[in-house]
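**Q** This is the content of my_file-v5.cif (mmCIF, C-alpha atoms):
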```cif
data_coords
#
loop_
_atom_site.label_atom_id
_atom_site.label_comp_id
_atom_site.auth_asym_id
_atom_site.auth_seq_id
_atom_site.Cartn_x
_atom_site.Cartn_y
_atom_site.Cartn_z
CA MET Q 1 -15.28 2.85 -14.23
CA LEU Q 2 -12.66 1.66 -11.76
CA ILE Q 3 -14.34 -1.66 -10.89
CA GLU Q 4 -16.86 -3.47 -13.08
CA LEU Q 5 -18.25 -6.93 -12.34
CA LYS Q 6 -20.25 -8.67 -15.05
CA ASN Q 7 -22.27 -11.78 -14.18
CA ILE Q 8 -19.82 -12.91 -11.51
CA VAL Q 9 -20.39 -16.43 -10.20
CA LYS Q 10 -18.37 -17.96 -7.38
CA ASN Q 11 -18.61 -21.67 -6.60
CA TYR Q 12 -16.70 -23.71 -4.03
CA ASP Q 13 -15.97 -27.39 -4.64
CA ASN Q 14 -15.76 -29.46 -1.47
CA GLY Q 15 -15.02 -33.03 -2.46
CA GLY Q 16 -17.29 -32.86 -5.48
CA ILE Q 17 -20.07 -31.03 -3.64
CA ILE Q 18 -20.54 -27.66 -5.36
CA THR Q 19 -21.71 -24.71 -3.29
CA ARG Q 20 -22.65 -21.61 -5.24
CA VAL Q 21 -22.03 -18.46 -3.17
CA LEU Q 22 -22.35 -15.67 -5.76
CA HIS Q 23 -25.12 -15.89 -8.36
CA GLY Q 24 -24.35 -13.69 -11.37
CA VAL Q 25 -23.38 -10.47 -9.57
CA ASN Q 26 -23.21 -7.21 -11.55
CA LEU Q 27 -21.62 -4.21 -9.87
CA GLY Q 28 -19.83 -1.03 -10.87
CA VAL Q 29 -17.72 1.22 -8.66
CA GLU Q 30 -16.41 4.59 -9.83
CA ASP Q 31 -13.02 5.93 -8.85
CA GLY Q 32 -13.37 7.89 -5.58
CA GLU Q 33 -16.64 6.31 -4.42
CA PHE Q 34 -17.36 5.26 -0.85
CA ILE Q 35 -19.66 2.25 -0.91
CA ALA Q 36 -20.83 -0.17 1.76
CA ILE Q 37 -21.67 -3.79 1.01
CA ILE Q 38 -24.14 -4.96 3.62
CA GLY Q 39 -25.87 -8.24 4.30
CA PRO Q 40 -26.46 -10.87 6.97
CA SER Q 41 -24.01 -13.64 7.83
CA GLY Q 42 -23.78 -16.08 4.94
CA SER Q 43 -25.10 -13.60 2.37
CA GLY Q 44 -21.92 -13.68 0.28
CA LYS Q 45 -20.64 -10.22 1.16
CA SER Q 46 -17.17 -11.38 2.27
CA THR Q 47 -16.87 -13.64 -0.79
CA LEU Q 48 -17.77 -10.65 -2.94
CA MET Q 49 -15.08 -8.55 -1.24
CA HIS Q 50 -12.49 -11.30 -1.66
CA THR Q 51 -13.37 -11.50 -5.34
CA ILE Q 52 -13.19 -7.74 -5.91
CA GLY Q 53 -9.95 -7.58 -3.89
CA PHE Q 54 -8.25 -10.34 -5.93
CA LEU Q 55 -8.01 -12.65 -2.94
CA ASP Q 56 -10.08 -15.18 -4.88
CA ARG Q 57 -10.86 -15.69 -8.57
CA PRO Q 58 -14.46 -15.84 -9.82
CA THR Q 59 -15.70 -19.13 -11.22
CA GLU Q 60 -17.53 -17.41 -14.08
CA GLY Q 61 -18.01 -13.87 -15.36
CA ASP Q 62 -15.77 -10.91 -16.13
CA TYR Q 63 -14.02 -8.58 -13.73
CA LEU Q 64 -12.72 -5.33 -15.24
CA PHE Q 65 -10.32 -3.31 -13.09
CA ASN Q 66 -9.54 0.15 -14.41
CA GLY Q 67 -10.79 -0.99 -17.81
CA GLU Q 68 -8.70 -4.17 -17.97
CA ASN Q 69 -10.33 -7.61 -17.96
CA THR Q 70 -8.55 -9.55 -15.23
CA LYS Q 71 -9.77 -13.00 -16.31
CA ASP Q 72 -6.47 -14.00 -17.88
CA PHE Q 73 -4.16 -12.24 -15.44
CA THR Q 74 -1.48 -14.49 -13.97
CA ASP Q 75 -1.20 -15.03 -10.23
CA ASP Q 76 1.88 -12.77 -10.22
CA GLU Q 77 -0.04 -9.99 -11.99
CA LEU Q 78 -2.90 -10.26 -9.48
CA ALA Q 79 -0.42 -10.21 -6.59
CA ARG Q 80 1.14 -7.03 -7.99
CA ILE Q 81 -2.28 -5.33 -8.18
CA ARG Q 82 -3.06 -6.39 -4.60
CA ASN Q 83 0.23 -5.02 -3.35
CA GLU Q 84 0.39 -1.76 -5.29
CA ARG Q 85 -3.21 -0.70 -5.92
CA ILE Q 86 -5.28 -2.21 -3.12
CA GLY Q 87 -5.15 -1.97 0.66
CA PHE Q 88 -6.98 -4.22 3.11
CA VAL Q 89 -8.26 -3.58 6.63
CA PHE Q 90 -9.71 -6.58 8.46
CA GLN Q 91 -11.72 -6.95 11.65
CA SER Q 92 -8.97 -8.96 13.37
CA PHE Q 93 -6.17 -6.40 12.64
CA ASN Q 94 -3.71 -9.14 11.50
CA LEU Q 95 -0.67 -7.45 13.03
CA LEU Q 96 2.53 -9.35 13.66
CA PRO Q 97 2.98 -9.98 17.39
CA ARG Q 98 6.11 -8.83 19.26
CA THR Q 99 6.87 -6.52 16.31
CA THR Q 100 6.96 -2.74 16.35
CA VAL Q 101 4.18 -0.61 14.95
CA LEU Q 102 6.63 0.79 12.38
CA ASP Q 103 7.74 -2.65 11.19
CA ASN Q 104 4.13 -3.82 10.89
CA VAL Q 105 3.35 -0.90 8.60
CA MET Q 106 6.48 -1.42 6.51
CA LEU Q 107 5.65 -5.06 5.83
CA PRO Q 108 3.81 -4.58 2.47
CA LEU Q 109 6.74 -2.51 1.19
CA PHE Q 110 9.03 -5.52 1.21
CA TYR Q 111 6.98 -6.86 -1.72
CA SER Q 112 6.92 -3.53 -3.55
CA THR Q 113 8.88 -2.93 -6.76
CA ASN Q 114 9.89 0.46 -5.36
CA LYS Q 115 12.54 -0.29 -2.72
CA LYS Q 116 13.30 3.29 -1.65
CA GLY Q 117 12.23 5.13 1.48
CA HIS Q 118 10.36 2.35 3.26
CA GLU Q 119 10.73 3.78 6.74
CA HIS Q 120 9.75 7.29 5.63
CA LYS Q 121 6.63 6.01 3.86
CA ALA Q 122 5.60 4.02 6.93
CA LYS Q 123 6.09 7.05 9.18
CA VAL Q 124 3.98 9.21 6.88
CA ALA Q 125 1.20 6.60 6.89
CA LEU Q 126 1.27 6.41 10.69
CA GLU Q 127 1.14 10.19 10.97
CA ALA Q 128 -1.94 10.12 8.72
CA VAL Q 129 -3.79 7.98 11.28
CA GLY Q 130 -2.53 9.91 14.29
CA LEU Q 131 0.05 7.40 15.51
CA GLY Q 132 3.29 9.18 14.78
CA ASP Q 133 4.18 8.90 18.47
CA ARG Q 134 3.78 5.10 18.59
CA LEU Q 135 6.41 4.03 16.05
CA GLN Q 136 8.50 1.87 18.38
CA PHE Q 137 5.65 0.47 20.45
CA MET Q 138 5.15 -3.28 20.12
CA SER Q 139 1.83 -4.31 18.59
CA ASN Q 140 0.81 -5.90 21.92
CA GLN Q 141 1.42 -2.61 23.76
CA ILE Q 142 -1.33 -0.61 22.08
CA SER Q 143 -5.12 -0.59 22.35
CA GLY Q 144 -7.55 -2.28 19.97
CA GLY Q 145 -8.45 1.03 18.37
CA GLN Q 146 -4.79 1.86 17.84
CA LYS Q 147 -4.20 -1.59 16.34
CA GLN Q 148 -6.90 -0.93 13.76
CA ARG Q 149 -5.34 2.43 12.97
CA VAL Q 150 -1.99 0.66 12.45
CA ALA Q 151 -3.81 -1.71 10.10
CA ILE Q 152 -5.17 1.29 8.17
CA ALA Q 153 -1.67 2.78 7.98
CA ARG Q 154 -0.38 -0.55 6.65
CA ALA Q 155 -3.15 -0.49 4.01
CA LEU Q 156 -2.11 3.04 3.02
CA VAL Q 157 1.64 2.59 2.86
CA CYS Q 158 1.76 1.49 -0.80
CA ASP Q 159 -0.51 4.41 -1.82
CA PRO Q 160 -3.39 2.24 -3.13
CA LYS Q 161 -6.31 3.41 -5.25
CA VAL Q 162 -8.80 1.26 -3.30
CA ILE Q 163 -9.12 0.41 0.38
CA PHE Q 164 -11.24 -2.57 1.40
CA ALA Q 165 -12.46 -2.50 5.00
CA ASP Q 166 -14.03 -5.77 6.18
CA GLU Q 167 -15.99 -5.17 9.43
CA PRO Q 168 -13.31 -2.65 10.53
CA THR Q 169 -15.15 -1.71 13.74
CA GLY Q 170 -16.31 -5.20 14.66
CA ASN Q 171 -13.77 -5.70 17.46
CA LEU Q 172 -13.80 -2.12 18.74
CA ASP Q 173 -15.65 -0.10 21.35
CA SER Q 174 -17.82 2.78 20.12
CA LYS Q 175 -15.17 5.49 20.62
CA SER Q 176 -12.44 3.58 18.79
CA GLY Q 177 -14.91 2.62 16.07
CA SER Q 178 -15.83 6.26 15.61
CA THR Q 179 -12.18 7.18 15.11
CA VAL Q 180 -11.68 4.43 12.54
CA MET Q 181 -14.73 5.51 10.54
CA HIS Q 182 -13.59 9.14 10.75
CA ILE Q 183 -10.26 8.11 9.19
CA LEU Q 184 -11.99 6.20 6.38
CA GLU Q 185 -14.20 9.22 5.65
CA LYS Q 186 -11.12 11.44 5.56
CA LEU Q 187 -9.32 9.10 3.16
CA ASN Q 188 -12.35 9.13 0.86
CA LYS Q 189 -12.42 12.93 0.88
CA GLU Q 190 -8.77 12.80 -0.19
CA GLY Q 191 -9.76 10.75 -3.24
CA ARG Q 192 -9.41 7.12 -2.16
CA THR Q 193 -12.06 4.62 -3.18
CA ILE Q 194 -13.43 2.94 -0.05
CA ILE Q 195 -15.31 -0.37 -0.14
CA LEU Q 196 -16.69 -1.18 3.29
CA VAL Q 197 -18.16 -4.58 4.17
CA THR Q 198 -20.43 -4.75 7.21
CA HIS Q 199 -23.57 -6.29 8.66
CA ASP Q 200 -24.28 -3.11 10.67
CA MET Q 201 -26.50 -0.49 9.03
CA ASN Q 202 -25.21 2.22 11.39
CA VAL Q 203 -21.70 1.60 10.04
CA ALA Q 204 -22.93 1.33 6.44
CA LEU Q 205 -24.55 4.77 6.67
CA HIS Q 206 -21.10 6.37 6.68
CA ALA Q 207 -20.90 5.44 2.99
CA LYS Q 208 -22.33 7.40 0.08
CA ARG Q 209 -23.94 4.30 -1.42
CA ILE Q 210 -25.16 1.02 0.05
CA VAL Q 211 -25.20 -2.26 -1.86
CA THR Q 212 -27.31 -4.94 -0.16
CA ILE Q 213 -26.51 -8.58 -0.85
CA ARG Q 214 -28.63 -11.55 0.13
CA ASP Q 215 -28.21 -15.23 -0.81
CA GLY Q 216 -25.40 -14.36 -3.20
CA GLU Q 217 -27.34 -11.75 -5.17
CA ILE Q 218 -27.45 -7.96 -5.04
CA VAL Q 219 -31.00 -7.09 -4.06
CA LYS Q 220 -30.63 -3.33 -3.61
CA ASP Q 221 -28.15 -0.67 -4.72
CA GLN Q 222 -28.96 2.83 -3.55
CA PRO Q 223 -27.19 6.17 -3.06
CA ILE Q 224 -27.44 7.66 0.43
CA PRO Q 225 -28.52 11.31 0.64
CA GLU Q 226 -26.10 13.49 2.58
CA SER Q 227 -28.84 14.24 5.09
CA GLU Q 228 -29.03 10.52 6.00
CA ARG Q 229 -25.32 9.81 6.22
CA VAL Q 230 -23.52 9.31 9.53
CA HIS Q 231 -20.30 11.23 10.17
CA SER Q 232 -17.85 10.31 12.90
CA LYS Q 233 -15.34 12.36 14.84
CA ALA Q 234 -11.88 11.26 15.86
CA VAL Q 235 -11.77 10.28 19.53
CA SER Q 236 -8.39 9.89 21.24
CA ASP Q 237 -7.62 6.48 22.71
#
```
Can you dump the structure from the file as structure tokens?

**A**
Amino acid sequence: MLIELKNIVKNYDNGGIITRVLHGVNLGVEDGEFIAIIGPSGSGKSTLMHTIGFLDRPTEGDYLFNGENTKDFTDDELARIRNERIGFVFQSFNLLPRTTVLDNVMLPLFYSTNKKGHEHKAKVALEAVGLGDRLQFMSNQISGGQKQRVAIARALVCDPKVIFADEPTGNLDSKSGSTVMHILEKLNKEGRTIILVTHDMNVALHAKRIVTIRDGEIVKDQPIPESERVHSKAVSD
């Protein structure tokens, strides 16, 4: 099991007022799976992703990553896992303005323990998302769909085991969104574990399994038959 959550609780303390967001979540994800976490606004799905992605620590419970209990990991150890084994794609792209596409993709490599071949790795990642001809474009000179593809390339550049995609099509038109989902499907076929967070069932149906969360609890966890899955095609933009 690549990811195993056992009775995960997440509370937030706001001036002594405790808000419980996750209520004893149990979840397992095998290496190479493509799962979608779906739920309405306020359901806890983003908090769950932040917890699984080591952006936030659980208040209670155990989180095993690749068989290791992460409860006692130091902040530096968690940062190393985030940098080397996990990639993130967010709805808002989070690209540096007035910076080239190539430099945006190279950014995570500056924190990597392997200091060799940064530019080559970034070029390979951009080729993988069909943007090998946009290396020197500034991030404000490309379309929204291309920005999200740059964000995917940036997530790929450290060769992570897991890619988290939080509403990756939320700011895109249908054609650009189709291309982004096509890329995520392709990465999964190549062996990457994909964890997609969305409120849109049409997006979730690209996954092989859908986990539904409501009020901080998993209320449904079901595999999706191949006949019911949605498959996207790359559309040039």

**Q** So, with all atoms listed in the file as the atoms that count, which of Q:Asn66, Q:Gln136, Q:Ser43, Q:Thr193 lies closest to Gly87 of chain Q?

**A**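 Nearest candidate to Gly87 of chain Q out of Q:Asn66, Q:Gln136, Q:Ser43, Q:Thr193: Q:Thr193.
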
**Q** List, as a compact mmCIF listing (two decimals) with C-alpha atoms, in the frame of the given file, every residue that the PyMOL selection byres ((chain Q and resi 71) around 9) selects in the file provided.

**A**
```txt
# COMPACT_ATOMS: atom_id res chain seq x y z
CA ARG Q 57 -10.86 -15.69 -8.57
CA PRO Q 58 -14.46 -15.84 -9.82
CA GLY Q 61 -18.01 -13.87 -15.36
CA ASP Q 62 -15.77 -10.91 -16.13
CA TYR Q 63 -14.02 -8.58 -13.73
CA LEU Q 64 -12.72 -5.33 -15.24
CA ASN Q 69 -10.33 -7.61 -17.96
CA THR Q 70 -8.55 -9.55 -15.23
CA ASP Q 72 -6.47 -14.00 -17.88
CA PHE Q 73 -4.16 -12.24 -15.44
CA THR Q 74 -1.48 -14.49 -13.97
```

**Q** Applying the PyMOL selection byres ((chain Q and resi 8) around 9) to the file I just gave you, which residues come out? Please list them as a list in words.

**A** Leu5, Lys6, Asn7, Val9, Lys10, Leu22, His23, Gly24, Val25, Asn26, Pro58, Thr59, Glu60, Gly61, Asp62 and Tyr63 of chain Q

**Q** Using all atoms listed in the file, collect all residues at a distance of at most 9 Å from (9.8, 1.7, 3.4) as written in the file, then present them as a list of chain:residue names.

**A** Q:Val105, Q:Met106, Q:Leu107, Q:Pro108, Q:Leu109, Q:Phe110, Q:Asn114, Q:Lys115, Q:Lys116, Q:Gly117, Q:His118, Q:Glu119, Q:His120, Q:Lys121, Q:Ala122, Q:Lys123, Q:Val157

**Q** What do you get, as an NGL selection string, if you spell out every residue that the PyMOL selection byres ((chain Q and resi 140-151) around 10) selects here?

**A** :Q and (87-102 or 104-105 or 122 or 125-126 or 128-131 or 134-139 or 152-156 or 168-169 or 171-180 or 183 or 235-237)

**Q** Only C-alpha atoms, please: the residues just picked out, written as a short mmCIF file (atom, residue, chain, number, x, y, z; two decimals), in the coordinates of the input.

**A**
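Contents of out16.cif, freshly written:
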```cif
data_model
loop_
_atom_site.label_atom_id
_atom_site.label_comp_id
_atom_site.auth_asym_id
_atom_site.auth_seq_id
_atom_site.Cartn_x
_atom_site.Cartn_y
_atom_site.Cartn_z
CA GLY Q 87 -5.15 -1.97 0.66
CA PHE Q 88 -6.98 -4.22 3.11
CA VAL Q 89 -8.26 -3.58 6.63
CA PHE Q 90 -9.71 -6.58 8.46
CA GLN Q 91 -11.72 -6.95 11.65
CA SER Q 92 -8.97 -8.96 13.37
CA PHE Q 93 -6.17 -6.40 12.64
CA ASN Q 94 -3.71 -9.14 11.50
CA LEU Q 95 -0.67 -7.45 13.03
CA LEU Q 96 2.53 -9.35 13.66
CA PRO Q 97 2.98 -9.98 17.39
CA ARG Q 98 6.11 -8.83 19.26
CA THR Q 99 6.87 -6.52 16.31
CA THR Q 100 6.96 -2.74 16.35
CA VAL Q 101 4.18 -0.61 14.95
CA LEU Q 102 6.63 0.79 12.38
CA ASN Q 104 4.13 -3.82 10.89
CA VAL Q 105 3.35 -0.90 8.60
CA ALA Q 122 5.60 4.02 6.93
CA ALA Q 125 1.20 6.60 6.89
CA LEU Q 126 1.27 6.41 10.69
CA ALA Q 128 -1.94 10.12 8.72
CA VAL Q 129 -3.79 7.98 11.28
CA GLY Q 130 -2.53 9.91 14.29
CA LEU Q 131 0.05 7.40 15.51
CA ARG Q 134 3.78 5.10 18.59
CA LEU Q 135 6.41 4.03 16.05
CA GLN Q 136 8.50 1.87 18.38
CA PHE Q 137 5.65 0.47 20.45
CA MET Q 138 5.15 -3.28 20.12
CA SER Q 139 1.83 -4.31 18.59
CA ILE Q 152 -5.17 1.29 8.17
CA ALA Q 153 -1.67 2.78 7.98
CA ARG Q 154 -0.38 -0.55 6.65
CA ALA Q 155 -3.15 -0.49 4.01
CA LEU Q 156 -2.11 3.04 3.02
CA PRO Q 168 -13.31 -2.65 10.53
CA THR Q 169 -15.15 -1.71 13.74
CA ASN Q 171 -13.77 -5.70 17.46
CA LEU Q 172 -13.80 -2.12 18.74
CA ASP Q 173 -15.65 -0.10 21.35
CA SER Q 174 -17.82 2.78 20.12
CA LYS Q 175 -15.17 5.49 20.62
CA SER Q 176 -12.44 3.58 18.79
CA GLY Q 177 -14.91 2.62 16.07
CA SER Q 178 -15.83 6.26 15.61
CA THR Q 179 -12.18 7.18 15.11
CA VAL Q 180 -11.68 4.43 12.54
CA ILE Q 183 -10.26 8.11 9.19
CA VAL Q 235 -11.77 10.28 19.53
CA SER Q 236 -8.39 9.89 21.24
CA ASP Q 237 -7.62 6.48 22.71
#
```

**Q** Rounded to one decimal place, report the atom CA of Phe34 of chain Q-atom CA of Val21 of chain Q distance in Å.

**A**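 Result for atom CA of Phe34 of chain Q versus atom CA of Val21 of chain Q: 24.3 Å, one decimal.
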
**Q** Mind pulling up the distance from atom CA of Gly67 of chain Q to atom CA of Ile3 of chain Q?

**A**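 The value is 7.8 Å.
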